[in-house]
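A.B. asks: This is structure22.txt (compact mmCIF, C-alpha atoms).
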# COMPACT_ATOMS: atom_id res chain seq x y z
CA MET A 573 25.39 -5.53 14.27
CA LYS A 574 22.39 -3.65 15.55
CA ARG A 575 20.59 -1.38 13.09
CA ILE A 576 21.44 1.72 15.11
CA GLU A 577 25.14 0.73 14.98
CA ALA A 578 24.92 0.42 11.21
CA ILE A 579 23.31 3.85 10.98
CA ARG A 580 25.92 5.34 13.33
CA CYS A 581 28.90 4.01 11.41
CA VAL A 582 27.60 5.57 8.17
CA VAL A 583 26.75 8.86 9.90
CA GLU A 584 30.38 9.04 11.12
CA GLU A 585 31.50 9.11 7.48
CA LEU A 586 29.13 11.89 6.36
CA SER A 587 30.00 15.47 5.44
CA ASP A 588 27.52 17.26 3.14
CA GLU A 589 25.68 14.17 1.82
CA LEU A 590 21.89 14.32 1.62
CA VAL A 591 20.23 11.49 3.55
CA VAL A 592 16.74 10.09 2.97
CA CYS A 593 15.57 7.78 5.75
CA ASN A 594 12.81 5.20 5.82
CA ILE A 595 9.78 5.60 8.11
CA GLY A 596 9.45 4.30 11.63
CA TYR A 597 12.26 3.37 13.97
CA PRO A 598 15.07 3.79 11.40
CA SER A 599 14.28 7.53 11.18
CA ARG A 600 14.05 7.79 14.96
CA GLU A 601 17.38 6.00 15.31
CA LEU A 602 19.01 8.28 12.73
CA TYR A 603 17.63 11.34 14.49
CA SER A 604 19.02 10.19 17.84
CA VAL A 605 22.43 9.26 16.38
CA GLY A 606 22.95 12.51 14.54
CA ASP A 607 20.25 14.94 13.51
CA ARG A 608 21.28 17.28 10.69
CA ASP A 609 19.50 19.59 8.26
CA GLU A 610 20.56 17.27 5.43
CA ASN A 611 18.39 14.43 6.82
CA PHE A 612 14.95 13.86 5.32
CA TYR A 613 12.93 11.73 7.73
CA MET A 614 10.02 9.96 6.06
CA LEU A 615 6.83 9.82 8.11
CA GLY A 616 4.57 7.86 5.76
CA SER A 617 4.58 6.48 2.20
CA MET A 618 6.27 3.23 3.18
CA GLY A 619 8.38 1.85 0.35
CA LEU A 620 9.29 5.13 -1.30
CA ALA A 621 12.66 5.95 0.33
CA SER A 622 14.65 4.68 -2.65
CA SER A 623 12.37 6.51 -5.09
CA ILE A 624 12.69 9.81 -3.24
CA GLY A 625 16.45 9.24 -3.24
CA LEU A 626 16.44 8.62 -7.00
CA GLY A 627 14.50 11.81 -7.79
CA LEU A 628 16.81 13.76 -5.53
CA ALA A 629 19.99 12.24 -7.01
CA LEU A 630 18.80 13.19 -10.51
CA SER A 631 18.28 16.79 -9.35
CA THR A 632 21.48 17.58 -7.46
CA ARG A 633 25.23 17.01 -7.72
CA LYS A 634 25.51 16.14 -4.04
CA ARG A 635 25.84 12.54 -2.96
CA VAL A 636 22.48 11.09 -1.87
CA VAL A 637 22.40 8.33 0.73
CA VAL A 638 19.20 6.38 1.37
CA PHE A 639 18.54 4.24 4.43
CA ASP A 640 15.87 1.77 3.36
CA GLY A 641 14.58 -1.43 4.94
CA ASP A 642 14.03 -4.93 3.59
CA GLY A 643 10.24 -4.79 4.06
CA SER A 644 10.06 -1.34 2.50
CA LEU A 645 12.16 -2.22 -0.52
CA LEU A 646 10.09 -5.38 -1.04
CA MET A 647 7.07 -3.07 -1.37
CA ASN A 648 8.70 -1.16 -4.22
CA LEU A 649 11.03 -3.54 -6.06
CA GLY A 650 10.38 -1.69 -9.31
CA SER A 651 12.44 1.12 -7.87
CA LEU A 652 15.60 -0.98 -8.27
CA VAL A 653 14.82 -1.34 -11.98
CA THR A 654 14.42 2.41 -12.47
CA ILE A 655 17.54 3.16 -10.42
CA ALA A 656 19.57 0.66 -12.47
CA ASN A 657 18.48 2.16 -15.77
CA ARG A 658 18.90 5.82 -14.80
CA SER A 659 21.97 5.02 -12.67
CA PRO A 660 22.85 8.39 -11.11
CA SER A 661 26.43 7.98 -9.90
CA ASN A 662 25.69 10.03 -6.75
CA LEU A 663 23.14 7.57 -5.31
CA THR A 664 23.94 5.06 -2.57
CA LEU A 665 21.05 2.89 -1.37
CA ILE A 666 21.73 1.21 1.97
CA VAL A 667 19.21 -1.51 2.83
CA LEU A 668 19.17 -2.20 6.56
CA ASP A 669 18.03 -5.81 6.24
CA ASN A 670 16.80 -7.25 9.54
CA GLU A 671 14.66 -9.84 7.76
CA SER A 672 11.57 -8.49 9.49
CA TYR A 673 9.06 -5.68 9.86
CA SER A 674 10.50 -4.38 13.12
CA THR A 675 8.44 -1.24 13.52
CA THR A 676 5.14 -3.14 13.35
CA GLY A 677 6.04 -5.96 15.73
CA GLY A 678 8.75 -8.04 14.09
CA GLN A 679 6.78 -10.05 11.54
CA PRO A 680 9.30 -11.91 9.31
CA SER A 681 9.91 -10.56 5.80
CA TYR A 682 10.71 -12.85 2.89
CA THR A 683 14.40 -12.00 3.11
CA ALA A 684 14.25 -14.38 6.10
CA GLY A 685 13.15 -17.01 3.60
CA LYS A 686 14.40 -17.66 0.08
CA THR A 687 14.84 -14.10 -1.15
CA SER A 688 18.14 -12.24 -1.56
CA LEU A 689 17.83 -8.49 -2.12
CA ALA A 690 21.46 -8.41 -3.28
CA ARG A 691 20.69 -10.85 -6.08
CA ILE A 692 17.51 -8.96 -6.99
CA ALA A 693 19.48 -5.69 -7.18
CA LYS A 694 22.10 -7.31 -9.44
CA ALA A 695 19.43 -8.83 -11.67
CA ALA A 696 17.73 -5.42 -11.88
CA GLY A 697 20.94 -4.18 -13.49
CA ILE A 698 22.75 -2.46 -10.65
CA ASP A 699 26.48 -3.08 -11.13
CA ASN A 700 27.77 -2.12 -7.71
CA VAL A 701 26.01 -4.30 -5.13
CA LEU A 702 27.83 -4.87 -1.85
CA GLU A 703 26.99 -6.77 1.31
CA ALA A 704 28.04 -5.89 4.85
CA ARG A 705 27.68 -7.76 8.13
CA SER A 706 29.74 -5.59 10.49
CA PRO A 707 30.32 -1.86 11.04
CA GLY A 708 33.80 -2.21 9.52
CA GLU A 709 32.46 -3.87 6.37
CA LEU A 710 29.68 -1.31 6.08
CA LYS A 711 32.08 1.63 6.38
CA ARG A 712 34.32 0.11 3.74
CA ALA A 713 31.39 -0.58 1.41
CA PHE A 714 30.07 2.95 1.92
CA ASN A 715 33.38 4.58 1.07
CA GLU A 716 34.00 2.28 -1.90
CA SER A 717 30.58 3.19 -3.30
CA LYS A 718 31.28 6.88 -3.75
CA GLY A 719 30.78 7.93 -7.36
CA LYS A 720 28.95 4.73 -8.39
CA THR A 721 25.25 3.90 -8.37
CA SER A 722 25.32 1.49 -5.46
CA VAL A 723 23.20 -0.79 -3.35
CA ILE A 724 24.60 -1.97 -0.02
CA ILE A 725 22.73 -4.73 1.77
CA ALA A 726 23.61 -4.39 5.44
CA LYS A 727 22.47 -7.38 7.47
CA VAL A 728 21.38 -6.17 10.91
CA GLU A 729 19.80 -7.69 14.01
CA LYS A 730 16.07 -7.61 14.60
CA GLY A 731 14.65 -5.09 17.03
CA ASN A 732 14.60 -1.36 17.64
CA ALA A 733 16.70 0.92 19.83
CA ASP A 734 14.89 2.68 22.67
CA VAL A 735 14.76 6.13 21.07
CA PRO A 736 12.11 8.87 21.25
CA ILE A 737 9.94 10.08 18.38
CA ILE A 738 11.25 12.93 16.23
CA PRO A 739 10.06 16.27 17.65
CA LEU A 740 10.02 18.08 14.27
CA SER A 741 6.96 18.95 12.18
CA PRO A 742 6.85 17.50 8.65
CA TYR A 743 6.98 21.02 7.23
CA LYS A 744 10.08 21.86 9.28
CA ILE A 745 11.81 18.65 8.11
CA LYS A 746 11.10 19.60 4.49
CA LYS A 747 12.02 23.28 4.76
CA ARG A 748 15.39 22.84 6.39
CA PHE A 749 16.21 19.91 4.11
CA MET A 750 15.50 21.98 0.99
CA GLU A 751 17.64 24.82 2.30
CA ALA A 752 20.46 22.34 2.91
CA VAL A 753 20.09 21.02 -0.67
CA LYS A 754 20.49 24.55 -2.03
CA SER A 755 23.48 25.45 0.11
CA GLY A 756 26.93 25.00 -1.36
CA HIS A 757 26.07 24.82 -5.04
CA ALA A 758 23.34 25.36 -7.60
CA ALA A 759 21.12 22.41 -8.50
CA SER A 760 22.27 20.53 -11.55
CA THR A 761 20.43 19.10 -14.51
CA SER A 762 23.48 17.22 -15.75
CA ASN A 763 22.24 13.81 -14.61
CA MET U 1189 2.44 15.59 -33.73
CA SER U 1190 -1.20 15.99 -32.67
CA ILE U 1191 -2.48 19.35 -31.47
CA LEU U 1192 -3.23 17.76 -28.10
CA SER U 1193 0.44 16.73 -27.72
CA GLN U 1194 1.63 20.19 -28.76
CA VAL U 1195 -0.71 21.84 -26.29
CA ILE U 1196 0.46 19.61 -23.42
CA LEU U 1197 4.17 20.09 -24.17
CA SER U 1198 3.98 23.84 -24.61
CA SER U 1199 1.86 24.35 -21.51
CA LEU U 1200 4.21 22.21 -19.40
CA VAL U 1201 7.10 24.39 -20.51
CA LYS U 1202 5.06 27.54 -19.86
CA ALA U 1203 4.22 26.21 -16.38
CA GLY U 1204 7.94 25.93 -15.62
CA VAL U 1205 7.86 22.14 -15.34
CA ASN U 1206 11.36 20.69 -15.74
CA PHE U 1207 11.05 17.11 -14.45
CA ALA U 1208 8.55 14.41 -15.45
CA VAL U 1209 7.78 10.90 -14.31
CA SER U 1210 5.42 8.73 -16.30
CA VAL U 1211 3.64 5.44 -16.62
CA PRO U 1212 2.82 4.66 -20.27
CA ASP U 1213 -0.47 5.81 -21.75
CA THR U 1214 -1.77 5.94 -25.32
CA LEU U 1215 -3.11 9.47 -25.01
CA PHE U 1216 0.27 10.76 -23.79
CA ALA U 1217 2.41 8.57 -26.08
CA GLU U 1218 3.75 11.43 -28.24
CA VAL U 1219 4.23 13.70 -25.25
CA LEU U 1220 6.33 11.08 -23.45
CA GLU U 1221 8.57 10.76 -26.50
CA LYS U 1222 9.14 14.50 -26.79
CA LEU U 1223 9.55 15.59 -23.15
CA GLU U 1224 13.35 15.52 -23.28
CA ASP U 1225 13.29 17.52 -26.55
CA VAL U 1226 11.66 20.45 -24.77
CA GLY U 1227 14.17 20.31 -21.91
CA ILE U 1228 12.17 18.28 -19.37
CA ILE U 1229 14.04 15.47 -17.60
CA HIS U 1230 11.89 12.36 -18.11
CA VAL U 1231 12.00 9.31 -15.85
CA PRO U 1232 9.66 6.51 -16.87
CA VAL U 1233 8.74 4.52 -13.75
CA THR U 1234 7.32 1.06 -13.16
CA ARG U 1235 4.28 2.09 -11.13
CA GLU U 1236 2.51 5.35 -10.24
CA GLU U 1237 3.37 5.24 -6.54
CA GLU U 1238 7.05 4.95 -7.39
CA GLY U 1239 6.60 7.96 -9.66
CA VAL U 1240 5.13 10.04 -6.85
CA GLY U 1241 8.23 9.22 -4.78
CA VAL U 1242 10.67 10.10 -7.58
CA ALA U 1243 8.81 13.35 -8.26
CA ALA U 1244 8.89 14.25 -4.55
CA GLY U 1245 12.64 13.68 -4.48
CA ALA U 1246 13.05 15.89 -7.55
CA TYR U 1247 11.04 18.64 -5.86
CA LEU U 1248 13.24 18.41 -2.77
CA GLY U 1249 16.17 18.80 -5.15
CA GLY U 1250 14.72 22.02 -6.56
CA LYS U 1251 12.79 20.79 -9.59
CA ARG U 1252 9.17 21.41 -10.69
CA PRO U 1253 7.83 17.91 -11.39
CA VAL U 1254 4.83 16.53 -13.22
CA ILE U 1255 3.46 12.98 -13.21
CA LEU U 1256 1.73 11.73 -16.35
CA MET U 1257 -0.50 8.70 -15.87
CA GLN U 1258 -3.90 7.13 -16.47
CA ASN U 1259 -6.69 7.52 -13.96
CA SER U 1260 -6.32 3.80 -13.18
CA GLY U 1261 -2.96 4.77 -11.66
CA LEU U 1262 -4.57 7.13 -9.18
CA GLY U 1263 -5.54 4.14 -7.07
CA ASN U 1264 -1.94 2.97 -7.16
CA CYS U 1265 -0.58 6.14 -5.61
CA MET U 1266 -3.24 7.51 -3.29
CA ASN U 1267 -1.41 6.73 -0.05
CA ALA U 1268 1.77 8.42 -1.28
CA LEU U 1269 -0.14 11.54 -2.39
CA LEU U 1270 -1.57 11.82 1.13
CA SER U 1271 1.17 10.55 3.45
CA LEU U 1272 4.05 12.09 1.46
CA ASN U 1273 2.87 15.11 -0.57
CA LYS U 1274 0.07 16.28 1.70
CA THR U 1275 1.93 15.50 4.91
CA PHE U 1276 5.12 17.43 4.05
CA GLY U 1277 3.67 20.05 1.72
CA ILE U 1278 5.27 18.70 -1.45
CA PRO U 1279 3.66 20.04 -4.64
CA LEU U 1280 2.98 17.87 -7.66
CA LEU U 1281 1.31 18.60 -10.97
CA MET U 1282 -0.62 15.53 -12.10
CA LEU U 1283 -1.75 15.06 -15.69
CA ILE U 1284 -4.29 12.25 -15.58
CA SER U 1285 -5.67 10.78 -18.77
CA GLN U 1286 -9.27 9.79 -18.20
CA ARG U 1287 -10.31 6.34 -19.24
CA GLY U 1288 -13.67 4.77 -18.53
CA GLY U 1289 -15.68 7.53 -20.15
CA ARG U 1290 -18.69 7.42 -22.45
CA ARG U 1291 -17.05 5.55 -25.31
CA GLU U 1292 -14.77 3.28 -23.30
CA LYS U 1293 -14.49 -0.17 -24.87
CA VAL U 1294 -12.51 -1.86 -22.10
CA VAL U 1295 -14.93 -2.85 -19.40
CA ALA U 1296 -12.31 -2.94 -16.63
CA GLN U 1297 -11.66 0.80 -17.09
CA ILE U 1298 -15.22 1.79 -16.22
CA PRO U 1299 -15.28 1.43 -12.41
CA MET U 1300 -12.15 3.59 -11.95
CA GLY U 1301 -13.45 5.98 -14.59
CA LYS U 1302 -16.49 6.54 -12.42
CA ALA U 1303 -14.49 6.70 -9.18
CA THR U 1304 -11.72 9.09 -10.30
CA ILE U 1305 -13.35 12.40 -9.42
CA PRO U 1306 -14.97 11.13 -6.19
CA LEU U 1307 -11.54 9.82 -5.13
CA LEU U 1308 -9.87 13.18 -5.80
CA LYS U 1309 -12.64 14.93 -3.89
CA ALA U 1310 -12.37 12.51 -0.95
CA ALA U 1311 -8.61 13.12 -0.80
CA CYS U 1312 -9.10 16.92 -1.02
CA ILE U 1313 -6.88 17.03 -4.12
CA PRO U 1314 -7.94 19.98 -6.31
CA PHE U 1315 -8.57 19.06 -9.94
CA TYR U 1316 -9.32 20.73 -13.24
CA VAL U 1317 -11.39 19.06 -15.98
CA SER U 1318 -10.72 20.59 -19.38
CA GLU U 1319 -13.53 20.81 -21.93
CA SER U 1320 -11.39 22.06 -24.80
CA LEU U 1321 -7.75 22.16 -25.88
CA GLN U 1322 -7.66 25.91 -25.19
CA GLN U 1323 -8.91 25.29 -21.67
CA LEU U 1324 -6.44 22.43 -21.18
CA SER U 1325 -3.57 24.76 -22.01
CA GLU U 1326 -4.78 27.26 -19.41
CA HIS U 1327 -5.53 24.58 -16.83
CA VAL U 1328 -2.02 23.08 -16.94
CA VAL U 1329 -0.43 26.43 -16.10
CA GLU U 1330 -3.10 27.27 -13.54
CA ALA U 1331 -2.87 23.85 -11.84
CA ALA U 1332 0.93 24.04 -11.69
CA ASN U 1333 0.80 27.47 -10.07
CA HIS U 1334 -1.89 26.23 -7.70
CA ALA U 1335 0.27 23.23 -6.69
CA TRP U 1336 3.35 25.37 -6.07
CA ARG U 1337 1.51 28.13 -4.27
CA ASP U 1338 -0.34 25.80 -1.89
CA GLU U 1339 2.38 23.10 -1.77
CA ILE U 1340 -0.05 20.28 -2.61
CA PRO U 1341 -0.75 17.85 -5.44
CA VAL U 1342 -3.14 19.26 -8.06
CA ALA U 1343 -4.63 17.23 -10.93
CA VAL U 1344 -5.63 18.06 -14.49
CA ILE U 1345 -7.99 15.49 -16.01
CA VAL U 1346 -7.32 15.06 -19.71
CA ARG U 1347 -10.48 13.65 -21.24
CA ARG U 1348 -10.38 11.31 -24.22
CA GLU U 1349 -12.99 13.49 -25.92
CA LEU U 1350 -10.22 16.10 -26.42
CA VAL U 1351 -8.55 13.72 -28.86
CA GLU U 1352 -11.78 13.63 -30.81
CA GLU U 1353 -11.77 17.42 -30.88
CA ASP U 1354 -8.17 17.23 -32.04
CA ARG U 1355 -9.14 14.89 -34.89
CA GLY U 1356 -12.00 17.11 -35.91
CA TYR U 1357 -14.79 14.74 -34.79
Would you mind writing the file out in structure tokens?
C.D. replies:
Amino acid sequence: MKRIEAIRCVVEELSDELVVCNIGYPSRELYSVGDRDENFYMLGSMGLASSIGLGLALSTRKRVVVFDGDGSLLMNLGSLVTIANRSPSNLTLIVLDNESYSTTGGQPSYTAGKTSLARIAKAAGIDNVLEARSPGELKRAFNESKGKTSVIIAKVEKGNADVPIIPLSPYKIKKRFMEAVKSGHAASTSN
Amino acid sequence: MSILSQVILSSLVKAGVNFAVSVPDTLFAEVLEKLEDVGIIHVPVTREEEGVGVAAGAYLGGKRPVILMQNSGLGNCMNALLSLNKTFGIPLLMLISQRGGRREKVVAQIPMGKATIPLLKAACIPFYVSESLQQLSEHVVEAANHAWRDEIPVAVIVRRELVEEDRGY
């Protein structure tokens, strides 16, 4: 499956979930598939998608969905450890694993070699780790993960879709996202 | 509990901080233990950059976060402070314990000790350096308000000499 297909099949399942998306083409692909106020598109700070998702999940009752990449998660593996130990049940981390750094020219990542992010996530202490290789499997994994701290490793093809850059200012992305977080219910401290 | 720890905890509460991320530090050891007792959610993280990400997520979720770390950690999170916090306008209160000062015994702490303030200046991150416990208490509240008003990261440098003041040296 192409990465944009993986993103699309998750977007089709969304209602009021908050989405944090990794920098580069993944954010552009998400924007083109389905822009919504509840999407936070990262523009820098490579590696921090899962961490932003964790902080958010600990601050709201809404379900938080993170689209991360293999190269990005490899930059911040400690994040899996913190997620496992805090384990907010409303956090789903989807790793779009194309075994490469697609946005910067397709250099191979070490998931193309000996490394399995699914096994790392399990060893970090995350109980619900799922793998998906097709849109059907990904949809099923996504829906099964509701209510459990989850990591889904979605294996996708290399390469980027031909999609334009996001025409929103960083401040606009933040403002509308924070308004969407507030809508519907008060923030919770229960996690 | 030391006076320094009491001052930090009470000023964090006064500043409206309700979420903390931390990387361990001797100077903050008591504070880290007691954060949850004063109603502040505390998430220990594995590295400072990760902490900046978690704190940013908490802010997006409506919280007022602080990061507690050593100045050595500033180098570990500089890109995130600029390409995340500064880019989007995400505030962060930073309590930075200053190592590498006059009486530092660990030689490896000295280069970052010397570079800390120049780095903050180069990154246009406002900072407060407290000369007394009274001033520290004021600075924490002031820096937090500054961060939230201007939607930027703002640092308070907690000098080791304040512990000496605390111990009556």
A.B. asks: Measuring between all atoms listed in the file, which one of A:Ser644, A:Thr675, A:Thr632, A:Asn657 shows the shortest distance to Gly697 in chain A?
C.D. replies: A:Asn657
A.B. asks: Based on all atoms listed in the file, which of the residues in chain U come within 12 Å of chain A? I want them as a PyMOL selection string.
C.D. replies: chain U and resi 1206-1211+1224+1227-1253+1264-1279+1339
A.B. asks: With C-alpha atoms retained, could you export that selection as a PDB file, in the coordinates of the input?
C.D. replies:
ATOM      1  CA  ASN U1206      11.360  20.690 -15.740  1.00  0.00           C
ATOM      2  CA  PHE U1207      11.050  17.110 -14.450  1.00  0.00           C
ATOM      3  CA  ALA U1208       8.550  14.410 -15.450  1.00  0.00           C
ATOM      4  CA  VAL U1209       7.780  10.900 -14.310  1.00  0.00           C
ATOM      5  CA  SER U1210       5.420   8.730 -16.300  1.00  0.00           C
ATOM      6  CA  VAL U1211       3.640   5.440 -16.620  1.00  0.00           C
ATOM      7  CA  GLU U1224      13.350  15.520 -23.280  1.00  0.00           C
ATOM      8  CA  GLY U1227      14.170  20.310 -21.910  1.00  0.00           C
ATOM      9  CA  ILE U1228      12.170  18.280 -19.370  1.00  0.00           C
ATOM     10  CA  ILE U1229      14.040  15.470 -17.600  1.00  0.00           C
ATOM     11  CA  HIS U1230      11.890  12.360 -18.110  1.00  0.00           C
ATOM     12  CA  VAL U1231      12.000   9.310 -15.850  1.00  0.00           C
ATOM     13  CA  PRO U1232       9.660   6.510 -16.870  1.00  0.00           C
ATOM     14  CA  VAL U1233       8.740   4.520 -13.750  1.00  0.00           C
ATOM     15  CA  THR U1234       7.320   1.060 -13.160  1.00  0.00           C
ATOM     16  CA  ARG U1235       4.280   2.090 -11.130  1.00  0.00           C
ATOM     17  CA  GLU U1236       2.510   5.350 -10.240  1.00  0.00           C
ATOM     18  CA  GLU U1237       3.370   5.240  -6.540  1.00  0.00           C
ATOM     19  CA  GLU U1238       7.050   4.950  -7.390  1.00  0.00           C
ATOM     20  CA  GLY U1239       6.600   7.960  -9.660  1.00  0.00           C
ATOM     21  CA  VAL U1240       5.130  10.040  -6.850  1.00  0.00           C
ATOM     22  CA  GLY U1241       8.230   9.220  -4.780  1.00  0.00           C
ATOM     23  CA  VAL U1242      10.670  10.100  -7.580  1.00  0.00           C
ATOM     24  CA  ALA U1243       8.810  13.350  -8.260  1.00  0.00           C
ATOM     25  CA  ALA U1244       8.890  14.250  -4.550  1.00  0.00           C
ATOM     26  CA  GLY U1245      12.640  13.680  -4.480  1.00  0.00           C
ATOM     27  CA  ALA U1246      13.050  15.890  -7.550  1.00  0.00           C
ATOM     28  CA  TYR U1247      11.040  18.640  -5.860  1.00  0.00           C
ATOM     29  CA  LEU U1248      13.240  18.410  -2.770  1.00  0.00           C
ATOM     30  CA  GLY U1249      16.170  18.800  -5.150  1.00  0.00           C
ATOM     31  CA  GLY U1250      14.720  22.020  -6.560  1.00  0.00           C
ATOM     32  CA  LYS U1251      12.790  20.790  -9.590  1.00  0.00           C
ATOM     33  CA  ARG U1252       9.170  21.410 -10.690  1.00  0.00           C
ATOM     34  CA  PRO U1253       7.830  17.910 -11.390  1.00  0.00           C
ATOM     35  CA  ASN U1264      -1.940   2.970  -7.160  1.00  0.00           C
ATOM     36  CA  CYS U1265      -0.580   6.140  -5.610  1.00  0.00           C
ATOM     37  CA  MET U1266      -3.240   7.510  -3.290  1.00  0.00           C
ATOM     38  CA  ASN U1267      -1.410   6.730  -0.050  1.00  0.00           C
ATOM     39  CA  ALA U1268       1.770   8.420  -1.280  1.00  0.00           C
ATOM     40  CA  LEU U1269      -0.140  11.540  -2.390  1.00  0.00           C
ATOM     41  CA  LEU U1270      -1.570  11.820   1.130  1.00  0.00           C
ATOM     42  CA  SER U1271       1.170  10.550   3.450  1.00  0.00           C
ATOM     43  CA  LEU U1272       4.050  12.090   1.460  1.00  0.00           C
ATOM     44  CA  ASN U1273       2.870  15.110  -0.570  1.00  0.00           C
ATOM     45  CA  LYS U1274       0.070  16.280   1.700  1.00  0.00           C
ATOM     46  CA  THR U1275       1.930  15.500   4.910  1.00  0.00           C
ATOM     47  CA  PHE U1276       5.120  17.430   4.050  1.00  0.00           C
ATOM     48  CA  GLY U1277       3.670  20.050   1.720  1.00  0.00           C
ATOM     49  CA  ILE U1278       5.270  18.700  -1.450  1.00  0.00           C
ATOM     50  CA  PRO U1279       3.660  20.040  -4.640  1.00  0.00           C
ATOM     51  CA  GLU U1339       2.380  23.100  -1.770  1.00  0.00           C
TER      52      GLU U1339
END
A.B. asks: Can you tell me how far CA of Pro598 in chain A sits from CA of Ala726 in chain A, in Å to one decimal?
C.D. replies: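 CA of Ala726 in chain A lies 13.2 Å from CA of Pro598 in chain A.
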A.B. asks: Neighbours of Ala704 in chain A within 10 Å (all atoms listed in the file; same-chain residues fewer than 3 positions away dropped), as number ranges by chain?
C.D. replies: A: 573, 578, 666, 668, 707-714, 724-728
A.B. asks: In Å, with one decimal, what is the gap from CA of Glu1352 in chain U to CA of Ser1320 in chain U?
C.D. replies: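 Distance between the two atoms: 10.4 Å.
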A.B. asks: For Gly731 in chain A, work out the shell of residues within 9 Å, counting only C-alpha atoms and skipping chain neighbours fewer than 2 positions away, then give it as a list in words.
C.D. replies: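 Final neighbour list, sorted by chain and number: Lys574, Arg575, Asn670, Ser672, Ser674, Thr675, Gly677, Gly678, Glu729 and Ala733 of chain A.
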A.B. asks: Within 10 Å of range 1306-1308 of chain U, counting all atoms listed in the file, which residues qualify if same-chain residues fewer than 5 places away don't, as a ChimeraX atom specification?
C.D. replies: /U:1262-1263,1266,1300-1301,1313-1315,1342-1343
A.B. asks: Could you list, as a list in words, every residue within 9 Å of Leu646 in chain A, counting only C-alpha atoms and ignoring same-chain residues fewer than 3 positions away?
C.D. replies: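 Residues near the query, excluding close chain neighbours: Gly619, Gly641, Asp642, Gly643, Leu649, Ser681, Tyr682, Thr683 and Leu689 of chain A.
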A.B. asks: Leaving out Ile738 in chain A and any residue of its chain fewer than 2 positions from it, which residues lie within 10 Å of it when counting all atoms listed in the file, given as a tab-separated table (two decimals) with C-alpha atoms, keeping the file's coordinate frame?
C.D. replies:
chain	number	residue	atom	x	y	z
A	596	GLY	CA	9.45	4.30	11.63
A	597	TYR	CA	12.26	3.37	13.97
A	599	SER	CA	14.28	7.53	11.18
A	600	ARG	CA	14.05	7.79	14.96
A	601	GLU	CA	17.38	6.00	15.31
A	602	LEU	CA	19.01	8.28	12.73
A	603	TYR	CA	17.63	11.34	14.49
A	604	SER	CA	19.02	10.19	17.84
A	607	ASP	CA	20.25	14.94	13.51
A	613	TYR	CA	12.93	11.73	7.73
A	615	LEU	CA	6.83	9.82	8.11
A	735	VAL	CA	14.76	6.13	21.07
A	736	PRO	CA	12.11	8.87	21.25
A	740	LEU	CA	10.02	18.08	14.27
A	741	SER	CA	6.96	18.95	12.18
A	742	PRO	CA	6.85	17.50	8.65
A	745	ILE	CA	11.81	18.65	8.11
A.B. asks: Counting only C-alpha atoms, which residue out of A:Arg580, A:Asp609, A:Tyr673, A:Ser717 sits closest to Asn732 in chain A?
C.D. replies: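 Smallest distance to Asn732 in chain A is found for A:Tyr673.
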A.B. asks: Please tell me which residues are no farther than 12 Å from (0.8, 6.6, -26.6) in the file, counting only C-alpha atoms, and write them as a count of residues only.
C.D. replies: 22
A.B. asks: Give me, as JSON lines, the closest atom pair and its distance (Å, one decimal) for every residue of range 596-649 of chain A within a cut-off of 6 Å of range 661-664 of chain A, counting all atoms listed in the file, rows sorted by chain and rising number.
C.D. replies:
{"residue": "A:Ala629", "atom": "CA", "partner": "A:Leu663", "partner_atom": "CA", "distance": 5.9}
{"residue": "A:Arg635", "atom": "CA", "partner": "A:Asn662", "partner_atom": "CA", "distance": 4.5}
{"residue": "A:Val636", "atom": "CA", "partner": "A:Leu663", "partner_atom": "CA", "distance": 5.0}
{"residue": "A:Val637", "atom": "CA", "partner": "A:Thr664", "partner_atom": "CA", "distance": 4.9}
A.B. asks: Rounded to one decimal, what separation in Å do you get between CA of Val701 in chain A and CA of Val582 in chain A?
C.D. replies: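 That distance, rounded to one decimal, is 16.6 Å.
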A.B. asks: Box for range 1339-1354 of chain U - axis-aligned, 3 Å on each of the six sides, all listed atoms - centre and size in Å to one decimal, as AutoDock Vina command-line options.
C.D. replies:
--center_x -5.3 --center_y 17.2 --center_z -16.9 --size_x 21.4 --size_y 17.8 --size_z 36.3
A.B. asks: Hey, which of U:Ser1260, U:Met1282, U:Leu1223, U:Glu1326 ends up closest to Gln1297 in chain U? Count only C-alpha atoms.
C.D. replies: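 Answer, going by the shortest atom-to-atom distance: U:Ser1260.
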A.B. asks: N, CA and C atoms for range 1240-1245 of chain U, written as a PDB file, in the frame of the given file, could you do that?
C.D. replies:
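As a result, out.pdb now contains:
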ATOM      1  N   VAL U1240       5.398   8.978  -7.823  1.00  0.00           N
ATOM      2  CA  VAL U1240       5.130  10.040  -6.850  1.00  0.00           C
ATOM      3  C   VAL U1240       6.363  10.233  -5.947  1.00  0.00           C
ATOM      4  N   GLY U1241       7.006   9.137  -5.586  1.00  0.00           N
ATOM      5  CA  GLY U1241       8.230   9.220  -4.780  1.00  0.00           C
ATOM      6  C   GLY U1241       9.362   9.896  -5.534  1.00  0.00           C
ATOM      7  N   VAL U1242       9.582   9.503  -6.782  1.00  0.00           N
ATOM      8  CA  VAL U1242      10.670  10.100  -7.580  1.00  0.00           C
ATOM      9  C   VAL U1242      10.413  11.598  -7.773  1.00  0.00           C
ATOM     10  N   ALA U1243       9.157  11.940  -8.060  1.00  0.00           N
ATOM     11  CA  ALA U1243       8.810  13.350  -8.260  1.00  0.00           C
ATOM     12  C   ALA U1243       9.017  14.149  -6.967  1.00  0.00           C
ATOM     13  N   ALA U1244       8.684  13.557  -5.828  1.00  0.00           N
ATOM     14  CA  ALA U1244       8.890  14.250  -4.550  1.00  0.00           C
ATOM     15  C   ALA U1244      10.374  14.497  -4.316  1.00  0.00           C
ATOM     16  N   GLY U1245      11.190  13.509  -4.624  1.00  0.00           N
ATOM     17  CA  GLY U1245      12.640  13.680  -4.480  1.00  0.00           C
ATOM     18  C   GLY U1245      13.158  14.790  -5.386  1.00  0.00           C
TER      19      GLY U1245
END
